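The structure file model.txt is reproduced below (compact mmCIF, C-alpha atoms and all ligand atoms).
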# COMPACT_ATOMS: atom_id res chain seq x y z
CA MET A 1 140.51 222.75 73.46
CA LYS A 2 138.38 220.45 71.33
CA ALA A 3 137.55 221.56 67.80
CA ILE A 4 136.04 220.22 64.63
CA ARG A 5 138.31 220.74 61.62
CA CYS A 6 137.69 220.61 57.90
CA LEU A 7 140.90 219.32 56.26
CA ASP A 8 139.44 219.00 52.76
CA TYR A 9 136.16 220.04 51.12
CA GLY A 10 133.60 217.26 50.89
CA ALA A 11 131.13 215.28 52.97
CA PRO A 12 130.77 216.44 56.60
CA SER A 13 131.57 212.85 57.66
CA ALA A 14 135.22 213.62 56.78
CA LEU A 15 135.41 216.37 59.42
CA VAL A 16 137.77 215.52 62.29
CA LEU A 17 137.40 216.20 66.01
CA GLU A 18 140.82 217.23 67.31
CA GLU A 19 142.64 218.81 70.24
CA MET A 20 143.91 222.26 69.29
CA ASP A 21 145.87 224.96 71.10
CA ASP A 22 143.77 227.60 72.81
CA PRO A 23 143.70 230.92 70.90
CA SER A 24 145.44 234.04 72.26
CA PRO A 25 143.74 237.38 71.80
CA ARG A 26 145.42 239.96 69.55
CA ALA A 27 145.03 243.69 70.12
CA GLY A 28 141.35 244.61 70.26
CA GLU A 29 140.23 240.98 70.50
CA VAL A 30 138.57 238.92 73.21
CA VAL A 31 138.62 235.16 73.74
CA ILE A 32 135.17 233.61 74.12
CA GLU A 33 134.70 230.27 75.87
CA THR A 34 132.14 228.72 73.57
CA GLU A 35 128.89 227.60 75.17
CA ALA A 36 126.97 227.06 71.94
CA ALA A 37 127.46 227.40 68.18
CA GLY A 38 124.66 227.86 65.65
CA LEU A 39 124.80 226.12 62.26
CA GLY A 40 123.03 226.91 59.01
CA TYR A 41 122.87 225.76 55.42
CA VAL A 42 125.76 228.06 54.47
CA ASP A 43 128.07 226.34 57.02
CA ALA A 44 127.25 222.99 55.41
CA LEU A 45 127.93 224.38 51.91
CA LEU A 46 131.28 225.81 53.10
CA VAL A 47 132.36 222.38 54.36
CA ALA A 48 131.22 220.77 51.10
CA GLY A 49 133.19 223.40 49.12
CA ARG A 50 129.97 224.34 47.33
CA TYR A 51 129.55 227.90 48.63
CA GLN A 52 130.19 230.85 46.30
CA VAL A 53 133.20 231.89 48.43
CA LYS A 54 135.64 229.17 49.56
CA THR A 55 137.19 229.21 53.05
CA PRO A 56 140.95 228.44 52.87
CA LEU A 57 141.79 224.93 54.18
CA PRO A 58 142.16 223.69 56.85
CA PHE A 59 139.52 225.51 58.86
CA VAL A 60 137.24 225.16 61.85
CA PRO A 61 133.63 225.52 60.59
CA GLY A 62 130.88 227.47 62.34
CA SER A 63 130.05 231.14 62.04
CA GLU A 64 127.75 231.85 65.01
CA VAL A 65 128.89 231.61 68.62
CA ALA A 66 127.66 232.38 72.12
CA GLY A 67 129.69 232.12 75.30
CA LYS A 68 131.59 233.91 78.04
CA VAL A 69 134.51 236.30 77.54
CA ILE A 70 137.50 234.81 79.37
CA ALA A 71 140.47 236.89 78.10
CA LEU A 72 141.09 240.36 76.69
CA GLY A 73 143.68 241.51 74.16
CA ASP A 74 145.34 244.92 74.45
CA GLY A 75 142.77 247.66 74.10
CA ALA A 76 139.69 245.40 74.37
CA PRO A 77 137.10 246.95 76.72
CA GLU A 78 137.48 245.62 80.28
CA ALA A 79 133.72 245.75 80.73
CA LEU A 80 133.47 242.71 78.43
CA MET A 81 135.44 240.43 80.80
CA GLU A 82 133.22 237.57 82.09
CA LYS A 83 130.25 238.87 80.06
CA ARG A 84 127.98 236.56 78.06
CA VAL A 85 128.21 237.55 74.40
CA MET A 86 127.07 236.37 70.99
CA ALA A 87 129.03 237.03 67.81
CA LEU A 88 129.48 236.22 64.15
CA SER A 89 132.76 235.02 62.70
CA PRO A 90 133.75 233.91 59.19
CA ARG A 91 134.75 230.53 60.72
CA GLY A 92 135.87 228.94 64.00
CA ALA A 93 132.71 228.53 66.11
CA LEU A 94 132.96 224.70 66.38
CA ALA A 95 135.78 225.02 68.93
CA GLY A 96 135.93 225.25 72.71
CA LYS A 97 137.32 228.80 72.44
CA ILE A 98 137.45 231.47 69.77
CA ALA A 99 139.26 234.83 69.53
CA LEU A 100 137.23 237.60 67.90
CA PRO A 101 137.33 241.41 67.69
CA ALA A 102 135.62 242.91 70.73
CA ALA A 103 133.67 245.12 68.33
CA VAL A 104 131.66 242.18 66.93
CA CYS A 105 130.53 240.92 70.37
CA VAL A 106 126.93 241.62 71.35
CA PRO A 107 125.76 241.19 74.97
CA VAL A 108 123.31 238.29 75.44
CA PRO A 109 120.10 239.34 77.24
CA ASP A 110 119.84 237.75 80.72
CA ALA A 111 116.77 235.74 79.84
CA MET A 112 118.29 234.25 76.67
CA SER A 113 120.05 230.87 76.80
CA ALA A 114 123.43 230.37 75.11
CA GLU A 115 121.74 227.96 72.68
CA ALA A 116 119.18 230.60 71.67
CA ALA A 117 121.86 233.29 71.39
CA ALA A 118 124.08 231.12 69.16
CA GLY A 119 121.27 230.71 66.65
CA PHE A 120 119.96 234.23 66.89
CA ILE A 121 121.97 236.84 65.01
CA VAL A 122 121.88 235.62 61.40
CA SER A 123 118.36 234.28 61.13
CA TYR A 124 116.64 236.94 63.27
CA CYS A 125 118.55 239.95 61.90
CA THR A 126 117.84 238.72 58.35
CA ALA A 127 114.15 238.36 59.14
CA LEU A 128 113.76 241.76 60.79
CA TYR A 129 115.83 243.52 58.11
CA GLY A 130 113.83 241.63 55.47
CA PHE A 131 110.38 242.42 56.80
CA GLU A 132 110.99 245.91 58.17
CA ASP A 133 113.53 247.56 55.88
CA CYS A 134 113.03 245.64 52.63
CA GLY A 135 109.44 244.42 52.81
CA LYS A 136 107.81 247.27 54.76
CA LEU A 137 105.57 244.71 56.45
CA ARG A 138 102.51 246.23 58.11
CA SER A 139 100.44 244.70 60.88
CA GLY A 140 97.45 242.79 59.46
CA GLU A 141 99.22 241.76 56.24
CA THR A 142 99.57 238.13 55.18
CA VAL A 143 102.99 236.57 54.72
CA LEU A 144 103.90 233.33 52.93
CA VAL A 145 107.16 231.85 54.29
CA LEU A 146 108.89 229.25 52.07
CA GLY A 147 111.25 226.69 53.65
CA ALA A 148 109.37 227.60 56.81
CA ALA A 149 110.83 224.84 59.01
CA GLY A 150 114.46 225.75 58.27
CA GLY A 151 116.50 227.98 60.59
CA VAL A 152 115.90 231.09 58.50
CA GLY A 153 112.23 230.18 57.92
CA MET A 154 111.42 229.60 61.61
CA ALA A 155 112.90 232.98 62.56
CA ALA A 156 110.84 234.59 59.78
CA ILE A 157 107.65 233.08 61.25
CA ASP A 158 108.53 234.42 64.70
CA ILE A 159 109.35 237.94 63.46
CA ALA A 160 106.34 238.19 61.13
CA LYS A 161 104.02 237.16 63.99
CA ALA A 162 105.69 239.71 66.30
CA MET A 163 105.01 242.37 63.64
CA GLY A 164 101.31 241.49 63.55
CA ALA A 165 101.15 239.47 60.32
CA THR A 166 99.13 236.39 59.48
CA VAL A 167 101.67 233.71 58.56
CA ILE A 168 101.27 230.86 56.10
CA ALA A 169 104.18 228.44 56.43
CA ALA A 170 105.12 226.32 53.41
CA ALA A 171 107.20 223.19 53.91
CA SER A 172 107.75 219.78 52.32
CA THR A 173 106.82 217.28 55.05
CA GLU A 174 104.15 216.87 57.71
CA GLU A 175 106.82 216.90 60.43
CA LYS A 176 108.20 220.21 59.13
CA ARG A 177 104.74 221.76 58.84
CA GLU A 178 104.02 220.70 62.45
CA ALA A 179 107.27 222.37 63.56
CA ALA A 180 106.33 225.55 61.67
CA LYS A 181 102.92 225.55 63.36
CA LYS A 182 104.61 225.16 66.75
CA ALA A 183 106.83 228.12 65.86
CA GLY A 184 103.69 230.26 65.52
CA ALA A 185 102.47 229.92 61.92
CA ASP A 186 98.71 230.44 61.55
CA PHE A 187 98.42 228.06 58.60
CA THR A 188 100.60 225.56 56.80
CA ILE A 189 100.78 224.49 53.21
CA ASP A 190 102.42 221.53 51.43
CA TYR A 191 104.29 223.12 48.55
CA THR A 192 105.38 219.79 47.10
CA LYS A 193 101.83 219.45 45.71
CA GLU A 194 101.57 220.58 42.09
CA ASP A 195 98.67 222.98 42.62
CA TRP A 196 99.63 224.19 46.11
CA ARG A 197 98.72 227.76 45.22
CA LYS A 198 95.04 226.77 45.23
CA GLU A 199 95.27 225.89 48.92
CA LEU A 200 95.63 229.55 49.92
CA GLU A 201 91.96 230.51 49.55
CA PRO A 202 90.38 227.89 51.84
CA LEU A 203 92.97 228.79 54.50
CA THR A 204 92.62 232.55 54.60
CA GLY A 205 89.61 233.38 52.45
CA ARG A 206 92.05 235.06 50.05
CA ARG A 207 93.75 233.91 46.88
CA ASP A 208 96.82 235.98 47.45
CA VAL A 209 99.34 237.17 50.03
CA ASP A 210 101.05 240.51 50.70
CA LEU A 211 104.58 239.22 51.16
CA VAL A 212 106.60 236.16 50.23
CA TYR A 213 109.73 235.35 52.29
CA ASP A 214 111.82 233.15 50.01
CA PRO A 215 115.03 231.46 51.27
CA VAL A 216 114.51 228.48 48.91
CA GLY A 217 114.41 229.56 45.23
CA GLY A 218 114.17 226.92 42.49
CA ASP A 219 110.79 226.26 40.88
CA LEU A 220 108.92 227.43 43.97
CA SER A 221 109.81 231.09 43.51
CA GLU A 222 107.75 231.72 40.39
CA THR A 223 104.66 230.05 41.84
CA ALA A 224 105.11 232.05 45.05
CA LEU A 225 105.49 235.28 43.07
CA ARG A 226 102.20 234.47 41.34
CA CYS A 227 100.58 234.29 44.81
CA LEU A 228 101.20 238.00 45.46
CA ALA A 229 98.40 240.54 45.73
CA PRO A 230 98.76 243.91 43.94
CA GLY A 231 101.33 245.92 45.86
CA GLY A 232 102.87 242.69 47.18
CA ARG A 233 106.58 242.18 47.90
CA HIS A 234 108.60 239.04 47.08
CA LEU A 235 111.61 238.96 49.40
CA VAL A 236 114.55 237.10 47.83
CA VAL A 237 116.47 235.65 50.80
CA GLY A 238 118.37 232.61 49.50
CA PHE A 239 118.53 229.59 47.22
CA ALA A 240 118.57 226.49 49.41
CA ALA A 241 117.05 224.50 46.51
CA GLY A 242 120.29 225.11 44.63
CA GLU A 243 118.76 226.54 41.49
CA ILE A 244 118.57 230.31 41.00
CA PRO A 245 115.14 230.93 39.47
CA ARG A 246 114.63 233.06 36.36
CA VAL A 247 111.15 234.55 36.59
CA PRO A 248 109.25 236.33 33.76
CA LEU A 249 109.45 240.02 34.66
CA ASN A 250 106.02 240.73 33.20
CA LEU A 251 104.67 239.15 36.43
CA ALA A 252 106.03 242.10 38.41
CA LEU A 253 104.29 244.48 36.01
CA LEU A 254 100.97 242.62 35.84
CA LYS A 255 100.81 242.17 39.61
CA ARG A 256 102.14 245.65 40.39
CA CYS A 257 104.46 243.96 42.86
CA ALA A 258 108.08 244.34 43.91
CA ILE A 259 110.89 241.76 43.92
CA VAL A 260 113.28 242.81 46.67
CA GLY A 261 116.71 241.35 47.48
CA VAL A 262 117.35 240.76 51.19
CA ASP A 263 121.12 240.60 51.64
CA TRP A 264 121.48 241.28 55.34
CA GLY A 265 125.18 240.33 55.33
CA GLY A 266 125.94 242.73 52.47
CA HIS A 267 123.83 245.43 54.11
CA ILE A 268 125.81 245.41 57.36
CA ARG A 269 129.18 245.04 55.62
CA ALA A 270 128.37 248.21 53.69
CA ASN A 271 127.02 249.96 56.76
CA PRO A 272 128.09 248.24 60.04
CA ALA A 273 126.17 250.73 62.22
CA ALA A 274 122.91 249.63 60.56
CA ASN A 275 122.84 246.44 62.62
CA ILE A 276 122.78 248.26 65.96
CA PRO A 277 119.08 249.28 65.81
CA LEU A 278 118.14 245.82 64.46
CA LEU A 279 119.83 244.07 67.38
CA LYS A 280 118.42 246.58 69.85
CA THR A 281 114.88 245.84 68.67
CA LEU A 282 115.46 242.09 68.58
CA THR A 283 117.04 241.78 72.03
CA ALA A 284 114.26 243.96 73.49
CA TRP A 285 111.61 241.77 71.84
CA ALA A 286 113.37 238.62 73.14
CA SER A 287 113.49 240.04 76.69
CA GLU A 288 109.78 240.97 76.49
CA GLY A 289 108.87 237.48 75.25
CA LYS A 290 107.58 238.94 71.98
CA ILE A 291 109.84 236.58 69.98
CA HIS A 292 110.92 233.07 70.90
CA PRO A 293 114.41 232.25 69.63
CA GLU A 294 114.97 228.95 71.53
CA PRO A 295 116.25 226.31 69.07
CA ALA A 296 114.18 223.15 68.59
CA ALA A 297 117.16 220.98 69.57
CA SER A 298 120.84 221.14 70.48
CA TYR A 299 123.55 218.55 69.89
CA PRO A 300 126.99 217.70 71.35
CA LEU A 301 130.10 218.66 69.35
CA GLU A 302 130.68 215.07 68.13
CA GLU A 303 127.35 215.24 66.29
CA ALA A 304 128.23 218.39 64.31
CA PRO A 305 129.12 216.41 61.13
CA ALA A 306 125.75 214.63 61.20
CA VAL A 307 123.95 217.94 61.81
CA LEU A 308 125.71 219.50 58.80
CA GLN A 309 124.84 216.47 56.66
CA ARG A 310 121.15 216.78 57.62
CA LEU A 311 121.21 220.40 56.43
CA LEU A 312 122.60 219.29 53.05
CA ASP A 313 120.05 216.44 52.87
CA ARG A 314 117.05 218.74 53.53
CA GLU A 315 116.33 216.81 56.74
CA SER A 316 117.09 219.50 59.32
CA ILE A 317 114.27 221.13 61.29
CA GLY A 318 114.66 224.53 62.95
CA LYS A 319 117.97 226.17 63.74
CA PRO A 320 120.49 223.47 64.73
CA VAL A 321 122.76 224.42 67.62
CA ILE A 322 125.85 222.65 68.97
CA ARG A 323 126.17 222.81 72.75
CA PHE A 324 129.52 222.71 74.55
CA ARG A 325 128.17 222.23 78.07
CA SER A 326 126.95 218.83 79.22
N1 LIG A 401 119.82 236.81 52.65
C1 LIG A 401 120.45 236.64 53.78
O1 LIG A 401 120.92 237.61 54.39
C2 LIG A 401 120.58 235.24 54.34
C3 LIG A 401 120.98 235.03 55.66
C4 LIG A 401 121.06 233.73 56.13
C5 LIG A 401 120.76 232.66 55.30
N2 LIG A 401 120.39 232.90 54.00
C6 LIG A 401 120.03 231.80 53.09
O2 LIG A 401 118.83 231.21 53.54
C7 LIG A 401 118.75 229.87 53.05
C8 LIG A 401 118.24 228.95 54.13
O3 LIG A 401 119.21 228.80 55.16
P1 LIG A 401 118.89 227.93 56.47
O4 LIG A 401 120.10 227.99 57.30
O5 LIG A 401 117.57 228.27 57.00
O6 LIG A 401 118.79 226.47 55.83
P2 LIG A 401 117.87 225.23 56.30
O7 LIG A 401 117.68 225.26 57.77
O8 LIG A 401 118.50 224.05 55.66
O9 LIG A 401 116.47 225.53 55.61
C9 LIG A 401 116.36 225.59 54.21
C10 LIG A 401 115.01 225.03 53.79
O10 LIG A 401 115.00 225.06 52.36
C11 LIG A 401 114.20 223.97 51.87
N3 LIG A 401 114.88 223.30 50.75
C12 LIG A 401 114.35 223.11 49.53
N4 LIG A 401 115.19 222.44 48.75
C13 LIG A 401 116.28 222.18 49.48
C14 LIG A 401 117.50 221.50 49.21
N5 LIG A 401 117.76 220.98 48.01
N6 LIG A 401 118.41 221.40 50.20
C15 LIG A 401 118.18 221.96 51.39
N7 LIG A 401 117.04 222.63 51.72
C16 LIG A 401 116.09 222.73 50.76
C17 LIG A 401 113.99 223.00 53.03
O11 LIG A 401 112.62 223.06 53.37
P3 LIG A 401 111.55 222.04 52.72
O12 LIG A 401 112.10 220.67 52.82
O13 LIG A 401 110.35 222.29 53.52
O14 LIG A 401 111.43 222.49 51.28
C18 LIG A 401 114.81 223.58 54.19
O15 LIG A 401 114.13 223.47 55.42
C19 LIG A 401 120.15 229.52 52.53
O16 LIG A 401 120.13 229.52 51.12
C20 LIG A 401 121.02 230.65 53.05
O17 LIG A 401 122.09 230.92 52.17
C21 LIG A 401 120.29 234.17 53.53

Would you kindly transcribe this structure into structure tokens?
Ligand SMILES: NC(=O)c1ccc[n+]([C@@H]2O[C@H](COP(=O)([O-])OP(=O)(O)OC[C@H]3O[C@@H](n4cnc5c(N)ncnc54)[C@H](OP(=O)(O)O)[C@@H]3O)[C@@H](O)[C@H]2O)c1
Amino acid sequence: MKAIRCLDYGAPSALVLEEMDDPSPRAGEVVIETEAAGLGYVDALLVAGRYQVKTPLPFVPGSEVAGKVIALGDGAPEALMEKRVMALSPRGALAGKIALPAAVCVPVPDAMSAEAAAGFIVSYCTALYGFEDCGKLRSGETVLVLGAAGGVGMAAIDIAKAMGATVIAAASTEEKREAAKKAGADFTIDYTKEDWRKELEPLTGRRDVDLVYDPVGGDLSETALRCLAPGGRHLVVGFAAGEIPRVPLNLALLKRCAIVGVDWGGHIRANPAANIPLLKTLTAWASEGKIHPEPAASYPLEEAPAVLQRLLDRESIGKPVIRFRS
């Protein structure tokens, strides 16, 4: 099988495309023939060796996969054979085949493409967990999504709209704001402008928002926190800007607002069963057409290094997906 391998941490351009032996399933595992693999900012950081946890070298990058089950290890449920599944893995998705525990495989709804499924689990589960469990989003509330044209941001727009919110999408370029609008945002805002907070009122007739969805961090977080209405919730999702902001806590007191950490990965590691209702809701919404997880674009395996570099360079739009079918 073909696979992309990281032999040393550094620029994605140093990744190599190689022939590797097909994996064999161990007890309880299945082998998935990869149809598509989703990539995110964390995958790019792992390759660069800049993520908080390092993956031992050498490794095949990629943590989200969708494809067909083609082999079963001892004890793996026979019902999974030939089924289309999506799954998360610590590594290994940028390969023609991957062996994973049967327990982590989730059936792909009939109407969902492999490309959509490969980019689905992380960004959509994070968004639903963030808005429902952590943010207690109610229909009719207004949400400000930062980094709105990234993979995590686009899913947040889709979920917030499905939950009945008005969505203001903040992004750095016109092209990104257009993409956020296409993904369903009601309004867009250019948060590279110094006084971007002032743009809220002419858009919505309000000076404040009920929730902030923040996968970016850096200087933007404090300004976004200042945008919250009393009773508002600032959802801390990630730090793509690199810098972890230190905000004055008196803002939480003065605004009577909450700052809530959204660590979906930690949440399901601590309580694996907690993801079952999230996925049930999400796959039902996808089947009903209530959410729209199709990626903006998909790329062949050879382009994976360039896709990862664009994530590091802040040039990526939407959830990038690598396709294995021609
Ligand atoms: N909490 C969780 O459970 C969870 C789950 C998944 C991912 N995450 C986190 O969510 C964040 C976003 O992931 P993603 O896959 O959506 O990434 P992405 O597609 O690259 O989007 C990140 C966005 O952040 C903005 N940004 C600002 N400064 C940046 C910089 N220096 N470099 C790159 N982007 C920058 C960019 O938007 P503009 O150019 O418009 O500013 C970009 O579109 C990551 O930090 C990731 O770790 C958290």

Report the centre and edge lengths, in Å to one decimal, of an axis-aligned box enclosing every atom of range 286-302 of chain A listed in the file, padded by 4 Å on each side, as AutoDock Vina command-line options.
--center_x 119.1 --center_y 228.0 --center_z 72.4 --size_x 31.1 --size_y 33.9 --size_z 16.6

Quiz item: Out of A:Val42, A:Cys257, A:Cys105, A:Leu235, which residue has the shortest atom-to-atom distance to ligand LIG 401 (chain A) when counting all atoms listed in the file?
Solution: A:Val42

Exercise. Would you work out the distance separating CA of Glu199 in chain A from CA of Ala155 in chain A, expressed in Å to one decimal?
Key: 23.4 Å

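Between Leu137 in chain A and the residues A:Ala169, A:Ala103, A:Leu211, A:Val236, the shortest atom-to-atom distance, using only C-alpha atoms, involves A:Leu211.
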
Exercise. Could I get the residue neighbourhood of ligand LIG 401 (chain A) at 7 Å, counting all atoms listed in the file, as a count of residues only?
Key: 39

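With distances taken over all atoms listed in the file, A:Lys68 is the one residue among A:Lys198, A:Arg323, A:Lys290, A:Lys68 lying closest to Val106 in chain A.
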
Exercise. Mind checking which residues fall within 8 Å of Met20 in chain A, counting only C-alpha atoms, ignoring those fewer than 4 positions away in the same chain, and posting them as a PyMOL selection string?
Key: chain A and resi 1-3

Take the selection from the previous step and output its residues with C-alpha atoms, as an mmCIF file, in the frame of the given file.
data_model
loop_
_atom_site.group_PDB
_atom_site.id
_atom_site.type_symbol
_atom_site.label_atom_id
_atom_site.label_comp_id
_atom_site.auth_asym_id
_atom_site.auth_seq_id
_atom_site.Cartn_x
_atom_site.Cartn_y
_atom_site.Cartn_z
ATOM 1 C CA MET A 1 140.510 222.750 73.460
ATOM 2 C CA LYS A 2 138.380 220.450 71.330
ATOM 3 C CA ALA A 3 137.550 221.560 67.800
#

Exercise. Have a look at A:Glu78, A:Glu222, A:Glu19, A:Asp208 and name the one nearest to Val60 in chain A; count all atoms listed in the file.
Key: A:Glu19

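Considering the residues A:Leu7, A:Cys227, A:Ala102, A:Leu128 and counting only C-alpha atoms, Pro277 in chain A has its shortest atom-to-atom contact with A:Leu128.
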
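The nearest approach to Val247 in chain A among the residues A:Met112, A:Ala224, A:Ile268, A:Val145, with only C-alpha atoms taken into account, belongs to A:Ala224.
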
Practice problem: Measure the distance from CA of Gly96 in chain A to CA of Leu39 in chain A in Å and round it to one decimal. | Solution: 15.3 Å

Show me, as a short mmCIF file (atom, residue, chain, number, x, y, z; two decimals) with C-alpha atoms, in the frame of the given file, the residues that have an atom within 10 Å of range 200-205 of chain A when counting all atoms listed in the file, minus same-chain residues fewer than 2 positions from it.
data_model
loop_
_atom_site.label_atom_id
_atom_site.label_comp_id
_atom_site.auth_asym_id
_atom_site.auth_seq_id
_atom_site.Cartn_x
_atom_site.Cartn_y
_atom_site.Cartn_z
CA THR A 142 99.57 238.13 55.18
CA LEU A 144 103.90 233.33 52.93
CA THR A 166 99.13 236.39 59.48
CA VAL A 167 101.67 233.71 58.56
CA ILE A 168 101.27 230.86 56.10
CA ASP A 186 98.71 230.44 61.55
CA PHE A 187 98.42 228.06 58.60
CA THR A 188 100.60 225.56 56.80
CA ILE A 189 100.78 224.49 53.21
CA TRP A 196 99.63 224.19 46.11
CA ARG A 197 98.72 227.76 45.22
CA LYS A 198 95.04 226.77 45.23
CA ARG A 207 93.75 233.91 46.88
CA ASP A 208 96.82 235.98 47.45
CA VAL A 209 99.34 237.17 50.03
CA CYS A 227 100.58 234.29 44.81
#

Quiz item: Suppose you want the space between CA of Leu17 in chain A and CA of Leu308 in chain A; what is it in Å?
Solution: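 Computing the Euclidean distance for CA of Leu17 in chain A and CA of Leu308 in chain A yields 14.1 Å.
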